[in-house]
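Shown here: target-v4.pdb, PDB, C-alpha atoms.
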```
ATOM      1  CA  ASP A   1     111.476  82.031  98.591  1.00  0.00           C
ATOM      2  CA  GLN A   2     110.280  81.101 102.067  1.00  0.00           C
ATOM      3  CA  GLN A   3     112.880  78.832 103.660  1.00  0.00           C
ATOM      4  CA  VAL A   4     110.865  78.454 106.859  1.00  0.00           C
ATOM      5  CA  LYS A   5     107.165  77.711 106.548  1.00  0.00           C
ATOM      6  CA  GLN A   6     104.443  77.735 109.134  1.00  0.00           C
ATOM      7  CA  ASN A   7     101.152  76.436 107.815  1.00  0.00           C
ATOM      8  CA  SER A   8      97.808  76.542 109.606  1.00  0.00           C
ATOM      9  CA  PRO A   9      98.187  80.212 110.499  1.00  0.00           C
ATOM     10  CA  SER A  10      95.763  80.134 113.421  1.00  0.00           C
ATOM     11  CA  LEU A  11      94.984  77.735 116.243  1.00  0.00           C
ATOM     12  CA  SER A  12      92.311  77.836 118.937  1.00  0.00           C
ATOM     13  CA  VAL A  13      92.687  75.633 122.004  1.00  0.00           C
ATOM     14  CA  GLN A  14      90.941  75.255 125.331  1.00  0.00           C
ATOM     15  CA  GLU A  15      92.797  76.300 128.445  1.00  0.00           C
ATOM     16  CA  GLY A  16      94.598  73.329 129.956  1.00  0.00           C
ATOM     17  CA  ARG A  17      94.873  71.432 126.671  1.00  0.00           C
ATOM     18  CA  ILE A  18      97.932  71.014 124.493  1.00  0.00           C
ATOM     19  CA  SER A  19      98.862  73.464 121.738  1.00  0.00           C
ATOM     20  CA  ILE A  20     100.974  72.076 118.907  1.00  0.00           C
ATOM     21  CA  LEU A  21     102.604  74.371 116.397  1.00  0.00           C
ATOM     22  CA  ASN A  22     104.388  73.058 113.336  1.00  0.00           C
ATOM     23  CA  CYS A  23     107.232  74.402 111.248  1.00  0.00           C
ATOM     24  CA  ASP A  24     108.885  73.076 108.096  1.00  0.00           C
ATOM     25  CA  TYR A  25     112.144  74.210 106.577  1.00  0.00           C
ATOM     26  CA  THR A  26     113.740  73.670 103.191  1.00  0.00           C
ATOM     27  CA  ASN A  27     117.423  74.407 103.777  1.00  0.00           C
ATOM     28  CA  SER A  28     119.215  71.290 105.035  1.00  0.00           C
ATOM     29  CA  MET A  29     122.090  73.495 106.196  1.00  0.00           C
ATOM     30  CA  PHE A  30     120.003  74.891 109.065  1.00  0.00           C
ATOM     31  CA  ASP A  31     121.335  73.600 112.367  1.00  0.00           C
ATOM     32  CA  TYR A  32     119.868  75.973 114.926  1.00  0.00           C
ATOM     33  CA  PHE A  33     116.184  76.584 115.477  1.00  0.00           C
ATOM     34  CA  LEU A  34     114.244  78.955 117.692  1.00  0.00           C
ATOM     35  CA  TRP A  35     110.690  79.819 118.620  1.00  0.00           C
ATOM     36  CA  TYR A  36     109.662  83.375 119.387  1.00  0.00           C
ATOM     37  CA  LYS A  37     106.395  84.597 120.850  1.00  0.00           C
ATOM     38  CA  LYS A  38     104.842  87.938 119.958  1.00  0.00           C
ATOM     39  CA  TYR A  39     102.061  89.947 121.580  1.00  0.00           C
ATOM     40  CA  PRO A  40     100.311  92.763 119.651  1.00  0.00           C
ATOM     41  CA  ALA A  41     102.272  96.022 119.479  1.00  0.00           C
ATOM     42  CA  GLU A  42     105.333  94.351 120.996  1.00  0.00           C
ATOM     43  CA  GLY A  43     108.455  92.808 119.541  1.00  0.00           C
ATOM     44  CA  PRO A  44     109.027  89.045 119.389  1.00  0.00           C
ATOM     45  CA  THR A  45     110.445  87.512 122.562  1.00  0.00           C
ATOM     46  CA  PHE A  46     112.624  84.431 122.627  1.00  0.00           C
ATOM     47  CA  LEU A  47     110.889  81.307 123.886  1.00  0.00           C
ATOM     48  CA  ILE A  48     113.001  78.216 123.305  1.00  0.00           C
ATOM     49  CA  SER A  49     115.691  76.908 120.962  1.00  0.00           C
ATOM     50  CA  ILE A  50     117.187  73.631 119.783  1.00  0.00           C
ATOM     51  CA  SER A  51     120.342  72.700 117.939  1.00  0.00           C
ATOM     52  CA  SER A  52     120.487  69.972 115.335  1.00  0.00           C
ATOM     53  CA  ILE A  53     122.455  67.644 117.611  1.00  0.00           C
ATOM     54  CA  LYS A  54     119.298  67.193 119.693  1.00  0.00           C
ATOM     55  CA  ASP A  55     115.807  66.056 118.820  1.00  0.00           C
ATOM     56  CA  LYS A  56     114.058  67.489 121.849  1.00  0.00           C
ATOM     57  CA  ASN A  57     114.434  70.409 124.210  1.00  0.00           C
ATOM     58  CA  GLU A  58     112.156  71.165 127.106  1.00  0.00           C
ATOM     59  CA  ASP A  59     111.658  74.290 129.195  1.00  0.00           C
ATOM     60  CA  GLY A  60     108.768  74.177 131.607  1.00  0.00           C
ATOM     61  CA  ARG A  61     105.508  73.985 129.689  1.00  0.00           C
ATOM     62  CA  PHE A  62     107.297  74.371 126.344  1.00  0.00           C
ATOM     63  CA  THR A  63     108.909  71.546 124.390  1.00  0.00           C
ATOM     64  CA  VAL A  64     110.435  71.732 120.932  1.00  0.00           C
ATOM     65  CA  PHE A  65     110.859  68.591 118.834  1.00  0.00           C
ATOM     66  CA  LEU A  66     113.159  68.405 115.826  1.00  0.00           C
ATOM     67  CA  ASN A  67     112.930  65.839 113.029  1.00  0.00           C
ATOM     68  CA  LYS A  68     115.924  66.511 110.808  1.00  0.00           C
ATOM     69  CA  SER A  69     115.132  63.875 108.227  1.00  0.00           C
ATOM     70  CA  ALA A  70     111.707  65.418 107.671  1.00  0.00           C
ATOM     71  CA  LYS A  71     113.031  68.982 108.033  1.00  0.00           C
ATOM     72  CA  HIS A  72     110.299  69.578 110.556  1.00  0.00           C
ATOM     73  CA  LEU A  73     110.043  70.953 114.030  1.00  0.00           C
ATOM     74  CA  SER A  74     107.159  71.455 116.382  1.00  0.00           C
ATOM     75  CA  LEU A  75     106.427  73.385 119.558  1.00  0.00           C
ATOM     76  CA  HIS A  76     104.249  71.830 122.224  1.00  0.00           C
ATOM     77  CA  ILE A  77     102.695  73.952 124.940  1.00  0.00           C
ATOM     78  CA  VAL A  78     101.122  72.000 127.755  1.00  0.00           C
ATOM     79  CA  PRO A  79      99.039  72.946 129.557  1.00  0.00           C
ATOM     80  CA  SER A  80      97.984  75.969 127.504  1.00  0.00           C
ATOM     81  CA  GLN A  81      97.136  79.118 129.434  1.00  0.00           C
ATOM     82  CA  PRO A  82      95.265  82.276 128.374  1.00  0.00           C
ATOM     83  CA  GLY A  83      98.540  84.230 128.556  1.00  0.00           C
ATOM     84  CA  ASP A  84      99.879  81.989 125.789  1.00  0.00           C
ATOM     85  CA  SER A  85      97.538  83.699 123.324  1.00  0.00           C
ATOM     86  CA  ALA A  86     100.008  85.274 120.911  1.00  0.00           C
ATOM     87  CA  VAL A  87     101.675  84.831 117.534  1.00  0.00           C
ATOM     88  CA  TYR A  88     104.464  82.254 117.485  1.00  0.00           C
ATOM     89  CA  PHE A  89     107.349  82.484 115.025  1.00  0.00           C
ATOM     90  CA  CYS A  90     109.665  79.688 114.044  1.00  0.00           C
ATOM     91  CA  ALA A  91     113.205  80.729 113.030  1.00  0.00           C
ATOM     92  CA  ALA A  92     116.269  78.904 111.709  1.00  0.00           C
ATOM     93  CA  GLY A  93     119.942  79.619 111.148  1.00  0.00           C
ATOM     94  CA  PHE A  94     123.178  77.764 110.416  1.00  0.00           C
ATOM     95  CA  GLY A  95     126.900  77.756 110.874  1.00  0.00           C
ATOM     96  CA  THR A  96     128.890  79.945 113.211  1.00  0.00           C
ATOM     97  CA  ASP A  97     126.514  82.728 112.255  1.00  0.00           C
ATOM     98  CA  GLY A  98     123.590  80.550 113.242  1.00  0.00           C
ATOM     99  CA  ASN A  99     122.046  83.064 115.552  1.00  0.00           C
ATOM    100  CA  ASN A 100     122.667  86.014 113.256  1.00  0.00           C
ATOM    101  CA  ARG A 101     121.294  85.199 109.838  1.00  0.00           C
ATOM    102  CA  LEU A 102     117.916  83.904 110.956  1.00  0.00           C
ATOM    103  CA  ALA A 103     115.124  83.032 108.554  1.00  0.00           C
ATOM    104  CA  PHE A 104     111.675  83.408 110.095  1.00  0.00           C
ATOM    105  CA  GLY A 105     108.354  81.807 109.305  1.00  0.00           C
ATOM    106  CA  LYS A 106     105.275  83.989 108.958  1.00  0.00           C
ATOM    107  CA  GLY A 107     103.896  83.006 112.331  1.00  0.00           C
ATOM    108  CA  ASN A 108     101.004  81.097 113.878  1.00  0.00           C
ATOM    109  CA  GLN A 109      98.251  82.844 115.838  1.00  0.00           C
ATOM    110  CA  VAL A 110      97.321  80.925 118.967  1.00  0.00           C
ATOM    111  CA  VAL A 111      94.156  81.705 120.910  1.00  0.00           C
ATOM    112  CA  VAL A 112      93.695  79.979 124.249  1.00  0.00           C
ATOM    113  CA  ILE A 113      90.067  79.940 125.307  1.00  0.00           C
ATOM    114  CA  PRO A 114      89.511  80.173 129.072  1.00  0.00           C
TER     115      PRO A 114
ATOM    116  CA  ASP B   1     116.678  95.982 132.725  1.00  0.00           C
ATOM    117  CA  ALA B   2     116.149  98.247 129.738  1.00  0.00           C
ATOM    118  CA  GLY B   3     115.406  96.345 126.579  1.00  0.00           C
ATOM    119  CA  VAL B   4     115.994  97.384 122.999  1.00  0.00           C
ATOM    120  CA  ILE B   5     114.532 100.857 122.535  1.00  0.00           C
ATOM    121  CA  GLN B   6     113.177 101.984 119.191  1.00  0.00           C
ATOM    122  CA  SER B   7     111.899 105.382 118.173  1.00  0.00           C
ATOM    123  CA  PRO B   8     109.540 106.579 116.957  1.00  0.00           C
ATOM    124  CA  ARG B   9     106.883 103.937 117.667  1.00  0.00           C
ATOM    125  CA  HIS B  10     104.756 105.236 114.811  1.00  0.00           C
ATOM    126  CA  GLU B  11     105.665 107.312 111.788  1.00  0.00           C
ATOM    127  CA  VAL B  12     103.356 108.595 109.102  1.00  0.00           C
ATOM    128  CA  THR B  13     104.864 110.570 106.275  1.00  0.00           C
ATOM    129  CA  GLU B  14     104.339 111.377 102.649  1.00  0.00           C
ATOM    130  CA  MET B  15     105.968 109.649  99.749  1.00  0.00           C
ATOM    131  CA  GLY B  16     109.322 111.121  98.870  1.00  0.00           C
ATOM    132  CA  GLN B  17     110.193 112.203 102.377  1.00  0.00           C
ATOM    133  CA  GLU B  18     113.226 110.979 104.258  1.00  0.00           C
ATOM    134  CA  VAL B  19     112.496 108.629 107.138  1.00  0.00           C
ATOM    135  CA  THR B  20     114.919 107.870 109.974  1.00  0.00           C
ATOM    136  CA  LEU B  21     114.299 105.053 112.413  1.00  0.00           C
ATOM    137  CA  ARG B  22     116.371 104.841 115.578  1.00  0.00           C
ATOM    138  CA  CYS B  23     117.493 102.016 117.812  1.00  0.00           C
ATOM    139  CA  LYS B  24     119.295 101.761 121.121  1.00  0.00           C
ATOM    140  CA  PRO B  25     120.477  98.181 121.730  1.00  0.00           C
ATOM    141  CA  ILE B  26     120.795  96.514 125.095  1.00  0.00           C
ATOM    142  CA  SER B  27     123.978  97.638 126.825  1.00  0.00           C
ATOM    143  CA  GLY B  28     126.763  95.104 126.397  1.00  0.00           C
ATOM    144  CA  HIS B  29     125.289  93.466 123.314  1.00  0.00           C
ATOM    145  CA  ASN B  30     127.689  93.307 120.383  1.00  0.00           C
ATOM    146  CA  SER B  31     125.332  92.452 117.520  1.00  0.00           C
ATOM    147  CA  LEU B  32     122.502  94.568 116.151  1.00  0.00           C
ATOM    148  CA  PHE B  33     119.875  93.643 113.586  1.00  0.00           C
ATOM    149  CA  TRP B  34     117.263  95.484 111.542  1.00  0.00           C
ATOM    150  CA  TYR B  35     114.189  93.578 110.363  1.00  0.00           C
ATOM    151  CA  ARG B  36     111.110  94.479 108.357  1.00  0.00           C
ATOM    152  CA  GLN B  37     107.762  92.765 108.849  1.00  0.00           C
ATOM    153  CA  THR B  38     105.043  92.778 106.192  1.00  0.00           C
ATOM    154  CA  MET B  39     101.997  90.600 105.654  1.00  0.00           C
ATOM    155  CA  MET B  40     103.330  89.341 102.344  1.00  0.00           C
ATOM    156  CA  ARG B  41     106.905  88.513 103.300  1.00  0.00           C
ATOM    157  CA  GLY B  42     106.789  88.092 107.058  1.00  0.00           C
ATOM    158  CA  LEU B  43     109.849  89.028 109.109  1.00  0.00           C
ATOM    159  CA  GLU B  44     112.910  89.675 106.963  1.00  0.00           C
ATOM    160  CA  LEU B  45     116.455  90.465 108.038  1.00  0.00           C
ATOM    161  CA  LEU B  46     117.608  93.677 106.374  1.00  0.00           C
ATOM    162  CA  ILE B  47     121.091  94.129 107.818  1.00  0.00           C
ATOM    163  CA  TYR B  48     123.122  93.192 110.834  1.00  0.00           C
ATOM    164  CA  PHE B  49     126.137  94.665 112.582  1.00  0.00           C
ATOM    165  CA  ASN B  50     128.763  93.015 114.707  1.00  0.00           C
ATOM    166  CA  ASN B  51     130.844  95.293 116.937  1.00  0.00           C
ATOM    167  CA  ASN B  52     129.396  98.291 115.043  1.00  0.00           C
ATOM    168  CA  VAL B  53     130.572  96.954 111.665  1.00  0.00           C
ATOM    169  CA  PRO B  54     127.982  96.000 109.004  1.00  0.00           C
ATOM    170  CA  ILE B  55     128.424  92.292 108.308  1.00  0.00           C
ATOM    171  CA  ASP B  56     125.558  91.404 106.014  1.00  0.00           C
ATOM    172  CA  ASP B  57     123.378  93.928 104.189  1.00  0.00           C
ATOM    173  CA  SER B  58     122.100  91.528 101.541  1.00  0.00           C
ATOM    174  CA  GLY B  59     118.556  91.989 102.805  1.00  0.00           C
ATOM    175  CA  MET B  60     118.488  95.735 102.216  1.00  0.00           C
ATOM    176  CA  PRO B  61     115.905  96.067  99.442  1.00  0.00           C
ATOM    177  CA  GLU B  62     117.303  99.030  97.523  1.00  0.00           C
ATOM    178  CA  ASP B  63     119.824 101.833  97.584  1.00  0.00           C
ATOM    179  CA  ARG B  64     117.119 103.984  99.111  1.00  0.00           C
ATOM    180  CA  PHE B  65     117.765 102.114 102.351  1.00  0.00           C
ATOM    181  CA  SER B  66     120.846 102.738 104.460  1.00  0.00           C
ATOM    182  CA  ALA B  67     121.840 101.814 107.997  1.00  0.00           C
ATOM    183  CA  LYS B  68     124.553 103.084 110.289  1.00  0.00           C
ATOM    184  CA  MET B  69     125.895 102.221 113.679  1.00  0.00           C
ATOM    185  CA  PRO B  70     128.198 105.057 114.766  1.00  0.00           C
ATOM    186  CA  ASN B  71     128.730 103.552 118.224  1.00  0.00           C
ATOM    187  CA  ALA B  72     127.767 100.585 120.345  1.00  0.00           C
ATOM    188  CA  SER B  73     124.667 102.252 121.736  1.00  0.00           C
ATOM    189  CA  PHE B  74     122.959 103.665 118.676  1.00  0.00           C
ATOM    190  CA  SER B  75     121.886 102.714 115.185  1.00  0.00           C
ATOM    191  CA  THR B  76     119.744 104.290 112.476  1.00  0.00           C
ATOM    192  CA  LEU B  77     117.884 102.943 109.487  1.00  0.00           C
ATOM    193  CA  LYS B  78     117.208 105.585 106.861  1.00  0.00           C
ATOM    194  CA  ILE B  79     114.914 105.497 103.842  1.00  0.00           C
ATOM    195  CA  GLN B  80     115.366 108.237 101.283  1.00  0.00           C
ATOM    196  CA  PRO B  81     113.191 108.798  99.350  1.00  0.00           C
ATOM    197  CA  SER B  82     110.376 106.828 100.952  1.00  0.00           C
ATOM    198  CA  GLU B  83     107.701 105.034  98.904  1.00  0.00           C
ATOM    199  CA  PRO B  84     104.289 103.599  99.874  1.00  0.00           C
ATOM    200  CA  ARG B  85     105.618 100.038  99.503  1.00  0.00           C
ATOM    201  CA  ASP B  86     108.041 100.749 102.349  1.00  0.00           C
ATOM    202  CA  SER B  87     105.082 100.759 104.741  1.00  0.00           C
ATOM    203  CA  ALA B  88     105.742  98.032 107.296  1.00  0.00           C
ATOM    204  CA  VAL B  89     106.761  97.419 110.891  1.00  0.00           C
ATOM    205  CA  TYR B  90     110.507  97.755 111.347  1.00  0.00           C
ATOM    206  CA  PHE B  91     112.145  95.934 114.230  1.00  0.00           C
ATOM    207  CA  CYS B  92     115.559  96.362 115.743  1.00  0.00           C
ATOM    208  CA  ALA B  93     117.115  93.513 117.731  1.00  0.00           C
ATOM    209  CA  SER B  94     120.368  93.031 119.598  1.00  0.00           C
ATOM    210  CA  SER B  95     122.268  90.106 121.027  1.00  0.00           C
ATOM    211  CA  LEU B  96     125.448  89.039 122.724  1.00  0.00           C
ATOM    212  CA  MET B  97     126.552  86.071 120.707  1.00  0.00           C
ATOM    213  CA  PRO B  98     125.712  83.229 121.016  1.00  0.00           C
ATOM    214  CA  GLN B  99     122.629  84.270 122.967  1.00  0.00           C
ATOM    215  CA  PRO B 100     119.244  84.706 121.222  1.00  0.00           C
ATOM    216  CA  GLN B 101     118.251  88.053 119.786  1.00  0.00           C
ATOM    217  CA  HIS B 102     116.212  90.511 121.847  1.00  0.00           C
ATOM    218  CA  PHE B 103     113.748  92.594 119.869  1.00  0.00           C
ATOM    219  CA  GLY B 104     112.475  96.110 120.363  1.00  0.00           C
ATOM    220  CA  ASP B 105     108.778  96.886 120.081  1.00  0.00           C
ATOM    221  CA  GLY B 106     109.106  98.108 116.518  1.00  0.00           C
ATOM    222  CA  THR B 107     108.314 101.213 114.496  1.00  0.00           C
ATOM    223  CA  ARG B 108     105.106 101.133 112.496  1.00  0.00           C
ATOM    224  CA  LEU B 109     105.830 103.099 109.334  1.00  0.00           C
ATOM    225  CA  SER B 110     103.132 104.344 106.990  1.00  0.00           C
ATOM    226  CA  ILE B 111     104.075 106.090 103.757  1.00  0.00           C
ATOM    227  CA  LEU B 112     101.153 107.907 102.148  1.00  0.00           C
TER     228      LEU B 112
END
```

Mind converting the file's structure to structure tokens?
Amino acid sequence: DQQVKQNSPSLSVQEGRISILNCDYTNSMFDYFLWYKKYPAEGPTFLISISSIKDKNEDGRFTVFLNKSAKHLSLHIVPSQPGDSAVYFCAAGFGTDGNNRLAFGKGNQVVVIP
Amino acid sequence: DAGVIQSPRHEVTEMGQEVTLRCKPISGHNSLFWYRQTMMRGLELLIYFNNNVPIDDSGMPEDRFSAKMPNASFSTLKIQPSEPRDSAVYFCASSLMPQPQHFGDGTRLSIL
């Protein structure tokens, strides 16, 4: 049973435009959310996180938005760059173990076209 | 800085053989995680350790799977006997709570 869902598995975007990735979750207990980025033949690398007490967190070109009532979060990348071409994973956890027992989505492939 | 180191990077073996995957976490990290990634199920947590002690192994699929962490700098994930459905990419990750997890580059396992 997938507790974290990422639909629209692939996204193509022109360099300089905005990339928007979406993630839905089913467990209302989740209170900590992360995005990871993965290049081929490498492990996922942490990108940005947000706790449920916030609805937005920004780090440079990356912004994560959280809508708790809709159980939805999104990652905005602006402007998109060719180096952003990767698979992006959404992850969620809860409680004091929030960063340990993470549930991951299946990932979104992003291709940034130069 | 050295990241999480996994070995081997690729493993191809025949059904029924024992498989041992190895992981060296980042020095100073006190939590270690084993994940499995497949097309069907995505990235799943198999087991995690805190201060070398297994905390949650509810994700371990069967008794054929076992994991150990004899010290703070080394962990193994063993499959015995291996089956074709065990073919996947296995990731090890480590963290220093409450910081995010750092992943190794994975072991691609193929069971023939």

Interface residues on chain A facing chain B, 7 Å, only C-alpha atoms, written as a ChimeraX atom specification: /A:41-46,99,104-106

Print the selection's residues with C-alpha atoms to a file, as an mmCIF file, in the coordinates of the input.
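Result file follows (part.cif):
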```
data_model
loop_
_atom_site.group_PDB
_atom_site.id
_atom_site.type_symbol
_atom_site.label_atom_id
_atom_site.label_comp_id
_atom_site.auth_asym_id
_atom_site.auth_seq_id
_atom_site.Cartn_x
_atom_site.Cartn_y
_atom_site.Cartn_z
ATOM 1 C CA ALA A 41 102.272 96.022 119.479
ATOM 2 C CA GLU A 42 105.333 94.351 120.996
ATOM 3 C CA GLY A 43 108.455 92.808 119.541
ATOM 4 C CA PRO A 44 109.027 89.045 119.389
ATOM 5 C CA THR A 45 110.445 87.512 122.562
ATOM 6 C CA PHE A 46 112.624 84.431 122.627
ATOM 7 C CA ASN A 99 122.046 83.064 115.552
ATOM 8 C CA PHE A 104 111.675 83.408 110.095
ATOM 9 C CA GLY A 105 108.354 81.807 109.305
ATOM 10 C CA LYS A 106 105.275 83.989 108.958
#
```

Evaluate the PyMOL selection byres ((chain A and resi 107) around 12) and report residues as JSON, numbers by chain: {"A": [4, 5, 6, 7, 8, 9, 10, 11, 21, 22, 23, 24, 35, 36, 37, 38, 39, 44, 86, 87, 88, 89, 90, 91, 103, 104, 105, 106, 108, 109, 110], "B": [37, 38, 39, 40, 41, 42, 43]}

So that I have them on file, write out the residues from the current selection with C-alpha atoms, as a PDB file, in the coordinates of the input.
```pdb
ATOM      1  CA  VAL A   4     110.865  78.454 106.859  1.00  0.00           C
ATOM      2  CA  LYS A   5     107.165  77.711 106.548  1.00  0.00           C
ATOM      3  CA  GLN A   6     104.443  77.735 109.134  1.00  0.00           C
ATOM      4  CA  ASN A   7     101.152  76.436 107.815  1.00  0.00           C
ATOM      5  CA  SER A   8      97.808  76.542 109.606  1.00  0.00           C
ATOM      6  CA  PRO A   9      98.187  80.212 110.499  1.00  0.00           C
ATOM      7  CA  SER A  10      95.763  80.134 113.421  1.00  0.00           C
ATOM      8  CA  LEU A  11      94.984  77.735 116.243  1.00  0.00           C
ATOM      9  CA  LEU A  21     102.604  74.371 116.397  1.00  0.00           C
ATOM     10  CA  ASN A  22     104.388  73.058 113.336  1.00  0.00           C
ATOM     11  CA  CYS A  23     107.232  74.402 111.248  1.00  0.00           C
ATOM     12  CA  ASP A  24     108.885  73.076 108.096  1.00  0.00           C
ATOM     13  CA  TRP A  35     110.690  79.819 118.620  1.00  0.00           C
ATOM     14  CA  TYR A  36     109.662  83.375 119.387  1.00  0.00           C
ATOM     15  CA  LYS A  37     106.395  84.597 120.850  1.00  0.00           C
ATOM     16  CA  LYS A  38     104.842  87.938 119.958  1.00  0.00           C
ATOM     17  CA  TYR A  39     102.061  89.947 121.580  1.00  0.00           C
ATOM     18  CA  PRO A  44     109.027  89.045 119.389  1.00  0.00           C
ATOM     19  CA  ALA A  86     100.008  85.274 120.911  1.00  0.00           C
ATOM     20  CA  VAL A  87     101.675  84.831 117.534  1.00  0.00           C
ATOM     21  CA  TYR A  88     104.464  82.254 117.485  1.00  0.00           C
ATOM     22  CA  PHE A  89     107.349  82.484 115.025  1.00  0.00           C
ATOM     23  CA  CYS A  90     109.665  79.688 114.044  1.00  0.00           C
ATOM     24  CA  ALA A  91     113.205  80.729 113.030  1.00  0.00           C
ATOM     25  CA  ALA A 103     115.124  83.032 108.554  1.00  0.00           C
ATOM     26  CA  PHE A 104     111.675  83.408 110.095  1.00  0.00           C
ATOM     27  CA  GLY A 105     108.354  81.807 109.305  1.00  0.00           C
ATOM     28  CA  LYS A 106     105.275  83.989 108.958  1.00  0.00           C
ATOM     29  CA  ASN A 108     101.004  81.097 113.878  1.00  0.00           C
ATOM     30  CA  GLN A 109      98.251  82.844 115.838  1.00  0.00           C
ATOM     31  CA  VAL A 110      97.321  80.925 118.967  1.00  0.00           C
TER      32      VAL A 110
ATOM     33  CA  GLN B  37     107.762  92.765 108.849  1.00  0.00           C
ATOM     34  CA  THR B  38     105.043  92.778 106.192  1.00  0.00           C
ATOM     35  CA  MET B  39     101.997  90.600 105.654  1.00  0.00           C
ATOM     36  CA  MET B  40     103.330  89.341 102.344  1.00  0.00           C
ATOM     37  CA  ARG B  41     106.905  88.513 103.300  1.00  0.00           C
ATOM     38  CA  GLY B  42     106.789  88.092 107.058  1.00  0.00           C
ATOM     39  CA  LEU B  43     109.849  89.028 109.109  1.00  0.00           C
TER      40      LEU B  43
END
```

d(atom CA of Asn27 of chain A, atom CA of His76 of chain A) in Å: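 Computing the Euclidean distance for atom CA of Asn27 of chain A and atom CA of His76 of chain A yields 22.8 Å.
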
Nearby residues, (118.2, 65.8, 112.7) file frame, 10 Å, all atoms listed in the file, as a ChimeraX atom specification: /A:28,30-31,51-55,65-73

Output for the residues just chosen: C-alpha atoms as a PDB file, in the frame of the given file:
```pdb
ATOM      1  CA  SER A  28     119.215  71.290 105.035  1.00  0.00           C
ATOM      2  CA  PHE A  30     120.003  74.891 109.065  1.00  0.00           C
ATOM      3  CA  ASP A  31     121.335  73.600 112.367  1.00  0.00           C
ATOM      4  CA  SER A  51     120.342  72.700 117.939  1.00  0.00           C
ATOM      5  CA  SER A  52     120.487  69.972 115.335  1.00  0.00           C
ATOM      6  CA  ILE A  53     122.455  67.644 117.611  1.00  0.00           C
ATOM      7  CA  LYS A  54     119.298  67.193 119.693  1.00  0.00           C
ATOM      8  CA  ASP A  55     115.807  66.056 118.820  1.00  0.00           C
ATOM      9  CA  PHE A  65     110.859  68.591 118.834  1.00  0.00           C
ATOM     10  CA  LEU A  66     113.159  68.405 115.826  1.00  0.00           C
ATOM     11  CA  ASN A  67     112.930  65.839 113.029  1.00  0.00           C
ATOM     12  CA  LYS A  68     115.924  66.511 110.808  1.00  0.00           C
ATOM     13  CA  SER A  69     115.132  63.875 108.227  1.00  0.00           C
ATOM     14  CA  ALA A  70     111.707  65.418 107.671  1.00  0.00           C
ATOM     15  CA  LYS A  71     113.031  68.982 108.033  1.00  0.00           C
ATOM     16  CA  HIS A  72     110.299  69.578 110.556  1.00  0.00           C
ATOM     17  CA  LEU A  73     110.043  70.953 114.030  1.00  0.00           C
TER      18      LEU A  73
END
```

Atom CA of Arg101 of chain A to atom CA of Ala72 of chain B, distance in Å rounded to a single decimal: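 Computed distance, atom CA of Arg101 of chain A to atom CA of Ala72 of chain B, equals 19.7 Å.
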
Selection near Glu83 of chain B, 6 Å with all atoms listed in the file, sequence-local residues under 2 positions removed, as a PyMOL selection string: chain B and resi 15+85-86

Pairwise distance for atom CA of Lys24 of chain B and atom CA of His10 of chain B, rounded to one decimal in Å: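 Value for the atom CA of Lys24 of chain B-atom CA of His10 of chain B distance: 16.2 Å.
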
Minimum-distance residue to Glu62 of chain B, chosen among B:Leu21, B:Ile26, B:Ala88, B:Ile79 (using all atoms listed in the file):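 Distance minimum relative to Glu62 of chain B lands on B:Ile79.
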
Selection: 8 Å around Thr13 of chain B, only C-alpha atoms, excl. self and same-chain fewer than 4 positions, as a ChimeraX atom specification: /B:17,19,110-112
